[in-house]
file run.txt (compact mmCIF, N, CA and C atoms)
# COMPACT_ATOMS: atom_id res chain seq x y z
N MET A 17 0.81 -1.19 0.00
CA MET A 17 0.00 0.00 0.00
C MET A 17 0.86 1.26 0.00
N GLU A 18 1.86 1.28 0.87
CA GLU A 18 2.69 2.47 0.99
C GLU A 18 3.44 2.74 -0.31
N ILE A 19 3.94 1.68 -0.94
CA ILE A 19 4.67 1.87 -2.19
C ILE A 19 3.76 2.40 -3.29
N ASN A 20 2.51 1.94 -3.34
CA ASN A 20 1.57 2.44 -4.34
C ASN A 20 1.28 3.92 -4.12
N SER A 21 1.11 4.35 -2.87
CA SER A 21 0.83 5.76 -2.60
C SER A 21 2.05 6.61 -2.96
N THR A 22 3.23 6.09 -2.72
CA THR A 22 4.45 6.82 -3.06
C THR A 22 4.58 6.94 -4.56
N LEU A 23 4.28 5.87 -5.28
CA LEU A 23 4.41 5.88 -6.73
C LEU A 23 3.35 6.74 -7.41
N THR A 24 2.18 6.91 -6.78
CA THR A 24 1.11 7.68 -7.41
C THR A 24 1.17 9.16 -7.07
N ARG A 25 2.05 9.59 -6.21
CA ARG A 25 2.14 11.01 -5.81
C ARG A 25 2.52 11.91 -6.97
N GLY A 26 3.42 11.47 -7.83
CA GLY A 26 3.92 12.31 -8.92
C GLY A 26 2.86 12.59 -9.96
N GLU A 27 2.24 13.76 -9.90
CA GLU A 27 1.26 14.26 -10.86
C GLU A 27 0.08 13.31 -11.05
N GLY A 28 -0.23 12.51 -10.07
CA GLY A 28 -1.38 11.63 -10.13
C GLY A 28 -1.24 10.46 -11.10
N ARG A 29 -0.06 10.28 -11.67
CA ARG A 29 0.14 9.17 -12.61
C ARG A 29 0.67 7.96 -11.87
N LYS A 30 0.16 6.80 -12.23
CA LYS A 30 0.69 5.56 -11.67
C LYS A 30 1.86 5.10 -12.51
N ILE A 31 2.87 4.64 -11.85
CA ILE A 31 4.00 4.06 -12.55
C ILE A 31 3.81 2.55 -12.50
N LEU A 32 3.75 1.95 -13.66
CA LEU A 32 3.58 0.50 -13.71
C LEU A 32 4.94 -0.16 -13.80
N ILE A 33 5.16 -1.08 -12.90
CA ILE A 33 6.40 -1.84 -12.89
C ILE A 33 6.11 -3.21 -13.48
N PRO A 34 6.68 -3.49 -14.66
CA PRO A 34 6.40 -4.79 -15.27
C PRO A 34 6.93 -5.93 -14.42
N LYS A 35 6.10 -6.93 -14.25
CA LYS A 35 6.49 -8.08 -13.45
C LYS A 35 5.94 -9.33 -14.10
N ARG A 36 6.79 -10.30 -14.25
CA ARG A 36 6.34 -11.55 -14.84
C ARG A 36 5.56 -12.33 -13.81
N ALA A 37 4.46 -12.89 -14.23
CA ALA A 37 3.67 -13.72 -13.34
C ALA A 37 4.36 -15.05 -13.11
N ASP A 38 4.97 -15.57 -14.16
CA ASP A 38 5.65 -16.86 -14.07
C ASP A 38 6.94 -16.79 -14.87
N PRO A 39 8.06 -16.65 -14.22
CA PRO A 39 9.32 -16.60 -14.96
C PRO A 39 9.47 -17.84 -15.83
N SER A 40 9.86 -17.61 -17.07
CA SER A 40 9.88 -18.72 -18.02
C SER A 40 10.99 -19.73 -17.76
N VAL A 41 12.13 -19.29 -17.28
CA VAL A 41 13.26 -20.20 -17.09
C VAL A 41 13.68 -20.20 -15.62
N GLN A 42 13.72 -21.37 -15.05
CA GLN A 42 14.16 -21.53 -13.66
C GLN A 42 15.44 -22.36 -13.64
N LEU A 43 16.25 -22.15 -12.63
CA LEU A 43 17.47 -22.94 -12.47
C LEU A 43 17.37 -23.78 -11.21
N ALA A 44 18.03 -24.91 -11.26
CA ALA A 44 18.14 -25.78 -10.11
C ALA A 44 19.50 -26.45 -10.18
N GLU A 45 19.86 -27.15 -9.14
CA GLU A 45 21.15 -27.83 -9.10
C GLU A 45 21.27 -28.85 -10.23
N LEU A 46 20.16 -29.42 -10.66
CA LEU A 46 20.17 -30.44 -11.71
C LEU A 46 19.99 -29.86 -13.11
N SER A 47 19.99 -28.54 -13.26
CA SER A 47 19.84 -27.92 -14.57
C SER A 47 21.01 -28.27 -15.48
N THR A 48 20.71 -28.44 -16.76
CA THR A 48 21.74 -28.76 -17.75
C THR A 48 22.44 -27.48 -18.21
N THR A 49 23.50 -27.64 -18.99
CA THR A 49 24.19 -26.48 -19.54
C THR A 49 23.25 -25.68 -20.45
N LYS A 50 22.39 -26.38 -21.17
CA LYS A 50 21.41 -25.70 -22.03
C LYS A 50 20.44 -24.87 -21.18
N ASP A 51 19.99 -25.43 -20.06
CA ASP A 51 19.10 -24.70 -19.14
C ASP A 51 19.78 -23.44 -18.62
N VAL A 52 21.05 -23.57 -18.25
CA VAL A 52 21.81 -22.42 -17.71
C VAL A 52 21.94 -21.35 -18.79
N ASN A 53 22.28 -21.76 -20.02
CA ASN A 53 22.41 -20.79 -21.12
C ASN A 53 21.09 -20.09 -21.39
N ASN A 54 19.99 -20.84 -21.39
CA ASN A 54 18.67 -20.24 -21.60
C ASN A 54 18.33 -19.25 -20.49
N TRP A 55 18.68 -19.60 -19.26
CA TRP A 55 18.43 -18.72 -18.11
C TRP A 55 19.24 -17.43 -18.25
N LEU A 56 20.51 -17.56 -18.63
CA LEU A 56 21.36 -16.37 -18.80
C LEU A 56 20.80 -15.45 -19.90
N ILE A 57 20.34 -16.05 -20.99
CA ILE A 57 19.74 -15.26 -22.08
C ILE A 57 18.46 -14.59 -21.59
N ASP A 58 17.62 -15.36 -20.88
CA ASP A 58 16.36 -14.84 -20.37
C ASP A 58 16.57 -13.66 -19.42
N LYS A 59 17.65 -13.70 -18.67
CA LYS A 59 17.94 -12.62 -17.71
C LYS A 59 18.67 -11.46 -18.36
N GLY A 60 19.02 -11.59 -19.65
CA GLY A 60 19.63 -10.48 -20.37
C GLY A 60 21.10 -10.25 -20.09
N PHE A 61 21.84 -11.28 -19.78
CA PHE A 61 23.27 -11.12 -19.54
C PHE A 61 24.00 -10.91 -20.85
N SER A 62 25.17 -10.30 -20.77
CA SER A 62 25.95 -9.94 -21.96
C SER A 62 26.45 -11.19 -22.69
N PRO A 63 26.72 -11.04 -23.98
CA PRO A 63 27.29 -12.17 -24.74
C PRO A 63 28.60 -12.69 -24.13
N ARG A 64 29.38 -11.79 -23.57
CA ARG A 64 30.65 -12.19 -22.93
C ARG A 64 30.38 -13.12 -21.74
N THR A 65 29.40 -12.76 -20.91
CA THR A 65 29.04 -13.59 -19.76
C THR A 65 28.49 -14.93 -20.23
N LEU A 66 27.67 -14.90 -21.28
CA LEU A 66 27.15 -16.15 -21.85
C LEU A 66 28.28 -17.06 -22.28
N GLU A 67 29.28 -16.48 -22.93
CA GLU A 67 30.42 -17.28 -23.40
C GLU A 67 31.22 -17.86 -22.23
N ILE A 68 31.45 -17.04 -21.23
CA ILE A 68 32.25 -17.47 -20.07
C ILE A 68 31.57 -18.62 -19.32
N LEU A 69 30.24 -18.52 -19.16
CA LEU A 69 29.51 -19.51 -18.36
C LEU A 69 28.82 -20.58 -19.21
N SER A 70 29.16 -20.66 -20.50
CA SER A 70 28.46 -21.56 -21.42
C SER A 70 28.62 -23.04 -21.09
N ASP A 71 29.69 -23.42 -20.43
CA ASP A 71 29.92 -24.84 -20.11
C ASP A 71 29.45 -25.23 -18.71
N MET A 72 28.77 -24.33 -18.04
CA MET A 72 28.33 -24.59 -16.66
C MET A 72 26.96 -25.25 -16.63
N ASP A 73 26.82 -26.25 -15.76
CA ASP A 73 25.48 -26.78 -15.48
C ASP A 73 25.02 -26.13 -14.16
N GLY A 74 23.84 -26.49 -13.70
CA GLY A 74 23.29 -25.87 -12.50
C GLY A 74 24.18 -26.05 -11.27
N ALA A 75 24.67 -27.26 -11.06
CA ALA A 75 25.51 -27.53 -9.88
C ALA A 75 26.80 -26.72 -9.92
N MET A 76 27.41 -26.65 -11.09
CA MET A 76 28.67 -25.90 -11.22
C MET A 76 28.43 -24.41 -10.98
N LEU A 77 27.36 -23.87 -11.56
CA LEU A 77 27.06 -22.46 -11.37
C LEU A 77 26.75 -22.16 -9.91
N PHE A 78 25.95 -23.01 -9.28
CA PHE A 78 25.59 -22.81 -7.88
C PHE A 78 26.81 -22.88 -6.95
N SER A 79 27.86 -23.56 -7.37
CA SER A 79 29.04 -23.70 -6.51
C SER A 79 29.98 -22.50 -6.59
N LEU A 80 29.76 -21.60 -7.56
CA LEU A 80 30.65 -20.45 -7.70
C LEU A 80 30.36 -19.39 -6.64
N SER A 81 31.43 -18.84 -6.11
CA SER A 81 31.28 -17.77 -5.11
C SER A 81 31.09 -16.42 -5.81
N ARG A 82 30.64 -15.45 -5.06
CA ARG A 82 30.45 -14.10 -5.60
C ARG A 82 31.77 -13.56 -6.13
N ASN A 83 32.85 -13.75 -5.36
CA ASN A 83 34.16 -13.25 -5.76
C ASN A 83 34.63 -13.90 -7.06
N LYS A 84 34.39 -15.19 -7.22
CA LYS A 84 34.80 -15.89 -8.44
C LYS A 84 34.02 -15.37 -9.64
N LEU A 85 32.71 -15.15 -9.47
CA LEU A 85 31.90 -14.61 -10.56
C LEU A 85 32.37 -13.21 -10.95
N ILE A 86 32.70 -12.38 -9.96
CA ILE A 86 33.20 -11.03 -10.23
C ILE A 86 34.54 -11.12 -10.96
N GLU A 87 35.37 -12.06 -10.56
CA GLU A 87 36.68 -12.24 -11.18
C GLU A 87 36.55 -12.60 -12.66
N VAL A 88 35.64 -13.50 -12.99
CA VAL A 88 35.55 -13.98 -14.38
C VAL A 88 34.59 -13.16 -15.24
N CYS A 89 33.57 -12.57 -14.66
CA CYS A 89 32.56 -11.85 -15.44
C CYS A 89 32.66 -10.33 -15.32
N GLY A 90 33.47 -9.85 -14.41
CA GLY A 90 33.53 -8.41 -14.16
C GLY A 90 32.64 -8.05 -12.99
N ARG A 91 32.89 -6.90 -12.41
CA ARG A 91 32.20 -6.50 -11.17
C ARG A 91 30.68 -6.43 -11.35
N GLU A 92 30.23 -5.72 -12.37
CA GLU A 92 28.79 -5.51 -12.54
C GLU A 92 28.07 -6.81 -12.89
N GLU A 93 28.54 -7.48 -13.94
CA GLU A 93 27.87 -8.71 -14.38
C GLU A 93 28.01 -9.83 -13.35
N GLY A 94 29.19 -9.95 -12.74
CA GLY A 94 29.42 -10.99 -11.75
C GLY A 94 28.50 -10.83 -10.55
N SER A 95 28.35 -9.59 -10.09
CA SER A 95 27.44 -9.33 -8.96
C SER A 95 26.00 -9.63 -9.34
N ARG A 96 25.64 -9.29 -10.57
CA ARG A 96 24.27 -9.52 -11.03
C ARG A 96 23.98 -11.02 -11.19
N VAL A 97 24.94 -11.76 -11.75
CA VAL A 97 24.77 -13.22 -11.88
C VAL A 97 24.60 -13.83 -10.50
N TYR A 98 25.44 -13.41 -9.57
CA TYR A 98 25.38 -13.96 -8.21
C TYR A 98 24.04 -13.66 -7.56
N SER A 99 23.58 -12.43 -7.69
CA SER A 99 22.30 -12.03 -7.10
C SER A 99 21.15 -12.84 -7.69
N GLN A 100 21.11 -12.97 -9.00
CA GLN A 100 20.06 -13.75 -9.65
C GLN A 100 20.16 -15.23 -9.28
N MET A 101 21.39 -15.71 -9.14
CA MET A 101 21.61 -17.10 -8.78
C MET A 101 21.09 -17.39 -7.36
N LEU A 102 21.27 -16.44 -6.44
CA LEU A 102 20.76 -16.61 -5.08
C LEU A 102 19.24 -16.78 -5.08
N VAL A 103 18.57 -16.02 -5.93
CA VAL A 103 17.11 -16.15 -6.05
C VAL A 103 16.76 -17.56 -6.52
N GLN A 104 17.51 -18.06 -7.50
CA GLN A 104 17.25 -19.40 -8.04
C GLN A 104 17.55 -20.48 -7.01
N LYS A 105 18.60 -20.28 -6.22
CA LYS A 105 18.92 -21.25 -5.16
C LYS A 105 17.76 -21.33 -4.17
N LYS A 106 17.25 -20.17 -3.81
CA LYS A 106 16.14 -20.11 -2.85
C LYS A 106 14.90 -20.79 -3.41
N ARG A 107 14.57 -20.48 -4.67
CA ARG A 107 13.38 -21.06 -5.31
C ARG A 107 13.49 -22.58 -5.47
N SER A 108 14.69 -23.06 -5.70
CA SER A 108 14.86 -24.50 -5.94
C SER A 108 15.14 -25.27 -4.65
N ALA A 109 15.09 -24.59 -3.52
CA ALA A 109 15.35 -25.20 -2.21
C ALA A 109 16.75 -25.82 -2.15
N TYR A 110 17.69 -25.18 -2.81
CA TYR A 110 19.09 -25.63 -2.80
C TYR A 110 19.63 -25.50 -1.39
N ALA A 111 20.27 -26.54 -0.92
CA ALA A 111 20.80 -26.53 0.45
C ALA A 111 22.29 -26.84 0.42
N THR A 112 23.05 -25.97 1.06
CA THR A 112 24.47 -26.25 1.18
C THR A 112 24.67 -27.23 2.32
N LYS A 113 25.84 -27.80 2.38
CA LYS A 113 26.14 -28.77 3.43
C LYS A 113 26.18 -28.07 4.78
N THR A 114 25.64 -28.74 5.80
CA THR A 114 25.69 -28.18 7.15
C THR A 114 27.03 -28.53 7.78
N GLY A 115 27.34 -27.89 8.88
CA GLY A 115 28.59 -28.17 9.58
C GLY A 115 28.71 -29.63 9.97
N GLN A 116 27.60 -30.21 10.41
CA GLN A 116 27.62 -31.61 10.84
C GLN A 116 27.89 -32.54 9.64
N GLU A 117 27.29 -32.23 8.49
CA GLU A 117 27.53 -33.03 7.30
C GLU A 117 28.97 -32.92 6.85
N LEU A 118 29.53 -31.70 6.90
CA LEU A 118 30.91 -31.51 6.50
C LEU A 118 31.87 -32.26 7.43
N LYS A 119 31.58 -32.24 8.73
CA LYS A 119 32.42 -32.97 9.68
C LYS A 119 32.38 -34.47 9.39
N ALA A 120 31.21 -34.98 9.06
CA ALA A 120 31.08 -36.41 8.74
C ALA A 120 31.87 -36.75 7.49
N ILE A 121 31.82 -35.89 6.47
CA ILE A 121 32.57 -36.12 5.24
C ILE A 121 34.07 -36.09 5.52
N LEU A 122 34.51 -35.09 6.27
CA LEU A 122 35.94 -34.98 6.60
C LEU A 122 36.42 -36.17 7.43
N ASN A 123 35.60 -36.60 8.38
CA ASN A 123 35.97 -37.75 9.21
C ASN A 123 36.10 -39.00 8.34
N HIS A 124 35.17 -39.20 7.42
CA HIS A 124 35.22 -40.36 6.51
C HIS A 124 36.50 -40.32 5.68
N ARG A 125 36.83 -39.15 5.15
CA ARG A 125 38.05 -39.02 4.34
C ARG A 125 39.30 -39.24 5.18
N LYS A 126 39.30 -38.75 6.41
CA LYS A 126 40.45 -38.93 7.30
C LYS A 126 40.69 -40.41 7.58
N ILE A 127 39.62 -41.14 7.82
CA ILE A 127 39.74 -42.58 8.08
C ILE A 127 40.34 -43.27 6.86
N ASN A 128 39.87 -42.91 5.66
CA ASN A 128 40.41 -43.51 4.44
C ASN A 128 41.88 -43.18 4.24
N VAL A 129 42.26 -41.93 4.48
CA VAL A 129 43.65 -41.52 4.32
C VAL A 129 44.53 -42.22 5.35
N ASP A 130 44.05 -42.27 6.59
CA ASP A 130 44.82 -42.94 7.63
C ASP A 130 45.03 -44.41 7.31
N ALA A 131 44.01 -45.05 6.78
CA ALA A 131 44.12 -46.47 6.42
C ALA A 131 45.13 -46.67 5.30
N LYS A 132 45.18 -45.77 4.36
CA LYS A 132 46.11 -45.88 3.23
C LYS A 132 47.54 -45.53 3.63
N ASN A 133 47.67 -44.69 4.65
CA ASN A 133 49.00 -44.23 5.06
C ASN A 133 49.61 -45.04 6.20
N GLU A 134 48.98 -46.13 6.58
CA GLU A 134 49.55 -46.95 7.64
C GLU A 134 50.87 -47.53 7.16
N MET A 135 51.80 -47.71 8.13
CA MET A 135 53.11 -48.26 7.79
C MET A 135 52.95 -49.70 7.34
N PRO A 136 53.73 -50.10 6.38
CA PRO A 136 53.65 -51.50 5.94
C PRO A 136 54.12 -52.42 7.07
N SER A 137 53.58 -53.64 7.07
CA SER A 137 53.93 -54.58 8.14
C SER A 137 55.36 -55.08 8.01
N GLU A 138 55.94 -55.00 6.83
CA GLU A 138 57.31 -55.48 6.63
C GLU A 138 58.27 -54.30 6.68
N GLU A 139 58.50 -53.80 7.88
CA GLU A 139 59.43 -52.70 8.05
C GLU A 139 60.85 -53.23 8.11
N PRO A 140 61.80 -52.43 7.67
CA PRO A 140 63.19 -52.90 7.77
C PRO A 140 63.59 -53.08 9.23
N ALA A 141 64.39 -54.11 9.48
CA ALA A 141 64.82 -54.40 10.85
C ALA A 141 65.84 -53.38 11.34
N THR A 142 66.63 -52.84 10.44
CA THR A 142 67.63 -51.84 10.85
C THR A 142 67.54 -50.61 9.95
N LEU A 143 67.88 -49.48 10.51
CA LEU A 143 67.90 -48.23 9.77
C LEU A 143 69.34 -47.77 9.64
N VAL A 144 69.68 -47.20 8.50
CA VAL A 144 71.01 -46.65 8.30
C VAL A 144 70.91 -45.14 8.45
N VAL A 145 71.69 -44.58 9.39
CA VAL A 145 71.66 -43.15 9.65
C VAL A 145 73.03 -42.60 9.28
N ARG A 146 73.07 -41.59 8.42
CA ARG A 146 74.33 -40.95 8.05
C ARG A 146 74.58 -39.78 8.99
N LYS A 147 75.75 -39.75 9.54
CA LYS A 147 76.13 -38.67 10.45
C LYS A 147 76.78 -37.54 9.67
N ALA A 148 76.92 -36.40 10.30
CA ALA A 148 77.50 -35.23 9.67
C ALA A 148 78.94 -35.48 9.23
N ASN A 149 79.66 -36.34 9.94
CA ASN A 149 81.06 -36.59 9.59
C ASN A 149 81.20 -37.62 8.47
N GLY A 150 80.07 -38.08 7.90
CA GLY A 150 80.12 -38.99 6.76
C GLY A 150 80.04 -40.46 7.15
N LEU A 151 80.13 -40.78 8.43
CA LEU A 151 80.04 -42.16 8.86
C LEU A 151 78.59 -42.61 8.93
N GLU A 152 78.38 -43.90 8.74
CA GLU A 152 77.05 -44.47 8.83
C GLU A 152 76.88 -45.19 10.16
N GLU A 153 75.70 -45.12 10.70
CA GLU A 153 75.41 -45.83 11.93
C GLU A 153 74.15 -46.66 11.69
N ARG A 154 74.19 -47.90 12.10
CA ARG A 154 73.02 -48.78 11.94
C ARG A 154 72.29 -48.87 13.28
N ARG A 155 70.96 -48.65 13.18
CA ARG A 155 70.14 -48.69 14.39
C ARG A 155 69.03 -49.71 14.17
N THR A 156 68.64 -50.35 15.24
CA THR A 156 67.52 -51.27 15.17
C THR A 156 66.24 -50.47 15.17
N ALA A 157 65.33 -50.82 14.25
CA ALA A 157 64.06 -50.11 14.16
C ALA A 157 63.22 -50.43 15.36
N VAL A 158 62.52 -49.42 15.86
CA VAL A 158 61.67 -49.58 17.03
C VAL A 158 60.26 -49.87 16.62
call {"tool": "encode", "arguments": {"input": "run.txt", "output": "structure tokens"}}
result
Amino acid sequence: MEINSTLTRGEGRKILIPKRADPSVQLAELSTTKDVNNWLIDKGFSPRTLEILSDMDGAMLFSLSRNKLIEVCGREEGSRVYSQMLVQKKRSAYATKTGQELKAILNHRKINVDAKNEMPSEEPATLVVRKANGLEERRTAV
């Protein structure tokens, strides 16, 4: 109501703000590269931005940070892509990993790395240590 009264104050004329009832192209994490290109065209991004992001699917685009988009698309276009992308993330119920999920993933990877990095069971019985004076010393492995 308040916005309508503010917009109608100027000489009694209403300013009509065009608004789509149903945006034609939506993005989601599962969107294809063709879907992303159609969305970029629908949003009116520059040909340069279209070219830069032409190989991106929904998941790849959603994973880009604001800074990365600004770096590759320029400040104005990168900020605009990021802003529009946030709207699409919200509409598609895109969810980033929670702290608990990330901890579980890291713990799983740590267990795998630790298992792969275990010392072999056939360790050498003696170690050869070279001293600063050039002599070698043999020590029993512990």
call {"tool": "atom_distance", "arguments": {"input": "run.txt", "atom1": "atom C of Leu56 of chain A", "atom2": "atom CA of Val97 of chain A"}}
result
9.2 Å
call {"tool": "closest_residue", "arguments": {"input": "run.txt", "among": "A:Met76, A:Leu151, A:Val129, A:Ala120", "to": "Ser47 of chain A", "atoms": "only N, CA and C atoms"}}
result
A:Met76
call {"tool": "atom_distance", "arguments": {"input": "run.txt", "atom1": "atom CA of Leu102 of chain A", "atom2": "atom CA of Lys84 of chain A"}}
result
14.5 Å
call {"tool": "closest_residue", "arguments": {"input": "run.txt", "among": "A:Thr49, A:Thr65, A:Asn123, A:Ser40", "to": "Gly94 of chain A", "atoms": "only N, CA and C atoms"}}
result
A:Thr65
call {"tool": "atom_distance", "arguments": {"input": "run.txt", "atom1": "atom CA of Trp55 of chain A", "atom2": "atom CA of Arg107 of chain A"}}
result
14.0 Å
call {"tool": "residues_around", "arguments": {"input": "run.txt", "residues": "Ser79 of chain A", "least_positions_apart": "3", "cutoff": "12 Å", "atoms": "only C-alpha atoms", "output": "list in words"}}
result
Ala44, Glu45, Met72, Asp73, Gly74, Ala75, Met76, Arg82, Asn83, Lys84, Leu85, Tyr98, Met101, Leu102, Lys105, Tyr110, Ala111, Thr112 and Lys113 of chain A
call {"tool": "decode", "arguments": {"input": "run.txt", "residues": "segment 108-117 of chain A", "atoms": "all heavy atoms", "output": "PDB file, in the first residue's frame"}}
result
ATOM      1  N   SER A 108      14.691 -23.058  -5.702  1.00  0.00           N
ATOM      2  CA  SER A 108      14.861 -24.498  -5.939  1.00  0.00           C
ATOM      3  C   SER A 108      15.139 -25.267  -4.653  1.00  0.00           C
ATOM      4  O   SER A 108      15.408 -26.459  -4.698  1.00  0.00           O
ATOM      5  CB  SER A 108      15.995 -24.741  -6.935  1.00  0.00           C
ATOM      6  OG  SER A 108      17.243 -24.403  -6.356  1.00  0.00           O
ATOM      7  N   ALA A 109      15.095 -24.587  -3.516  1.00  0.00           N
ATOM      8  CA  ALA A 109      15.355 -25.202  -2.209  1.00  0.00           C
ATOM      9  C   ALA A 109      16.748 -25.821  -2.148  1.00  0.00           C
ATOM     10  O   ALA A 109      16.973 -26.844  -1.519  1.00  0.00           O
ATOM     11  CB  ALA A 109      14.284 -26.237  -1.872  1.00  0.00           C
ATOM     12  N   TYR A 110      17.693 -25.178  -2.814  1.00  0.00           N
ATOM     13  CA  TYR A 110      19.087 -25.629  -2.805  1.00  0.00           C
ATOM     14  C   TYR A 110      19.629 -25.503  -1.386  1.00  0.00           C
ATOM     15  O   TYR A 110      19.440 -24.485  -0.728  1.00  0.00           O
ATOM     16  CB  TYR A 110      19.919 -24.766  -3.751  1.00  0.00           C
ATOM     17  CG  TYR A 110      21.396 -25.082  -3.758  1.00  0.00           C
ATOM     18  CD1 TYR A 110      21.883 -26.175  -4.433  1.00  0.00           C
ATOM     19  CD2 TYR A 110      22.298 -24.256  -3.093  1.00  0.00           C
ATOM     20  CE1 TYR A 110      23.235 -26.456  -4.456  1.00  0.00           C
ATOM     21  CE2 TYR A 110      23.649 -24.519  -3.114  1.00  0.00           C
ATOM     22  CZ  TYR A 110      24.118 -25.623  -3.798  1.00  0.00           C
ATOM     23  OH  TYR A 110      25.463 -25.892  -3.814  1.00  0.00           O
ATOM     24  N   ALA A 111      20.267 -26.545  -0.916  1.00  0.00           N
ATOM     25  CA  ALA A 111      20.798 -26.527   0.446  1.00  0.00           C
ATOM     26  C   ALA A 111      22.288 -26.839   0.424  1.00  0.00           C
ATOM     27  O   ALA A 111      22.715 -27.824  -0.176  1.00  0.00           O
ATOM     28  CB  ALA A 111      20.075 -27.548   1.309  1.00  0.00           C
ATOM     29  N   THR A 112      23.051 -25.975   1.055  1.00  0.00           N
ATOM     30  CA  THR A 112      24.473 -26.245   1.180  1.00  0.00           C
ATOM     31  C   THR A 112      24.673 -27.233   2.319  1.00  0.00           C
ATOM     32  O   THR A 112      23.782 -27.471   3.124  1.00  0.00           O
ATOM     33  CB  THR A 112      25.255 -24.947   1.481  1.00  0.00           C
ATOM     34  OG1 THR A 112      24.723 -24.376   2.673  1.00  0.00           O
ATOM     35  CG2 THR A 112      25.149 -23.969   0.340  1.00  0.00           C
ATOM     36  N   LYS A 113      25.835 -27.801   2.383  1.00  0.00           N
ATOM     37  CA  LYS A 113      26.143 -28.770   3.432  1.00  0.00           C
ATOM     38  C   LYS A 113      26.181 -28.069   4.784  1.00  0.00           C
ATOM     39  O   LYS A 113      26.699 -26.968   4.918  1.00  0.00           O
ATOM     40  CB  LYS A 113      27.506 -29.424   3.177  1.00  0.00           C
ATOM     41  CG  LYS A 113      27.625 -30.111   1.838  1.00  0.00           C
ATOM     42  CD  LYS A 113      27.017 -31.465   1.886  1.00  0.00           C
ATOM     43  CE  LYS A 113      27.320 -32.194   0.589  1.00  0.00           C
ATOM     44  NZ  LYS A 113      26.297 -33.056   0.162  1.00  0.00           N
ATOM     45  N   THR A 114      25.638 -28.736   5.804  1.00  0.00           N
ATOM     46  CA  THR A 114      25.690 -28.181   7.152  1.00  0.00           C
ATOM     47  C   THR A 114      27.030 -28.532   7.784  1.00  0.00           C
ATOM     48  O   THR A 114      27.761 -29.384   7.281  1.00  0.00           O
ATOM     49  CB  THR A 114      24.569 -28.771   8.036  1.00  0.00           C
ATOM     50  OG1 THR A 114      24.798 -30.179   8.182  1.00  0.00           O
ATOM     51  CG2 THR A 114      23.202 -28.521   7.437  1.00  0.00           C
ATOM     52  N   GLY A 115      27.341 -27.889   8.880  1.00  0.00           N
ATOM     53  CA  GLY A 115      28.588 -28.171   9.583  1.00  0.00           C
ATOM     54  C   GLY A 115      28.707 -29.630   9.975  1.00  0.00           C
ATOM     55  O   GLY A 115      29.778 -30.236   9.861  1.00  0.00           O
ATOM     56  N   GLN A 116      27.601 -30.212  10.412  1.00  0.00           N
ATOM     57  CA  GLN A 116      27.619 -31.614  10.836  1.00  0.00           C
ATOM     58  C   GLN A 116      27.893 -32.540   9.643  1.00  0.00           C
ATOM     59  O   GLN A 116      28.655 -33.489   9.746  1.00  0.00           O
ATOM     60  CB  GLN A 116      26.286 -31.970  11.477  1.00  0.00           C
ATOM     61  CG  GLN A 116      26.293 -33.297  12.200  1.00  0.00           C
ATOM     62  CD  GLN A 116      24.994 -33.520  12.966  1.00  0.00           C
ATOM     63  OE1 GLN A 116      23.983 -32.894  12.677  1.00  0.00           O
ATOM     64  NE2 GLN A 116      25.042 -34.404  13.937  1.00  0.00           N
ATOM     65  N   GLU A 117      27.293 -32.229   8.493  1.00  0.00           N
ATOM     66  CA  GLU A 117      27.526 -33.033   7.299  1.00  0.00           C
ATOM     67  C   GLU A 117      28.973 -32.922   6.846  1.00  0.00           C
ATOM     68  O   GLU A 117      29.600 -33.915   6.482  1.00  0.00           O
ATOM     69  CB  GLU A 117      26.609 -32.591   6.155  1.00  0.00           C
ATOM     70  CG  GLU A 117      25.159 -32.964   6.352  1.00  0.00           C
ATOM     71  CD  GLU A 117      24.268 -32.350   5.289  1.00  0.00           C
ATOM     72  OE1 GLU A 117      24.405 -31.146   5.014  1.00  0.00           O
ATOM     73  OE2 GLU A 117      23.440 -33.097   4.748  1.00  0.00           O
TER      74      GLU A 117
END
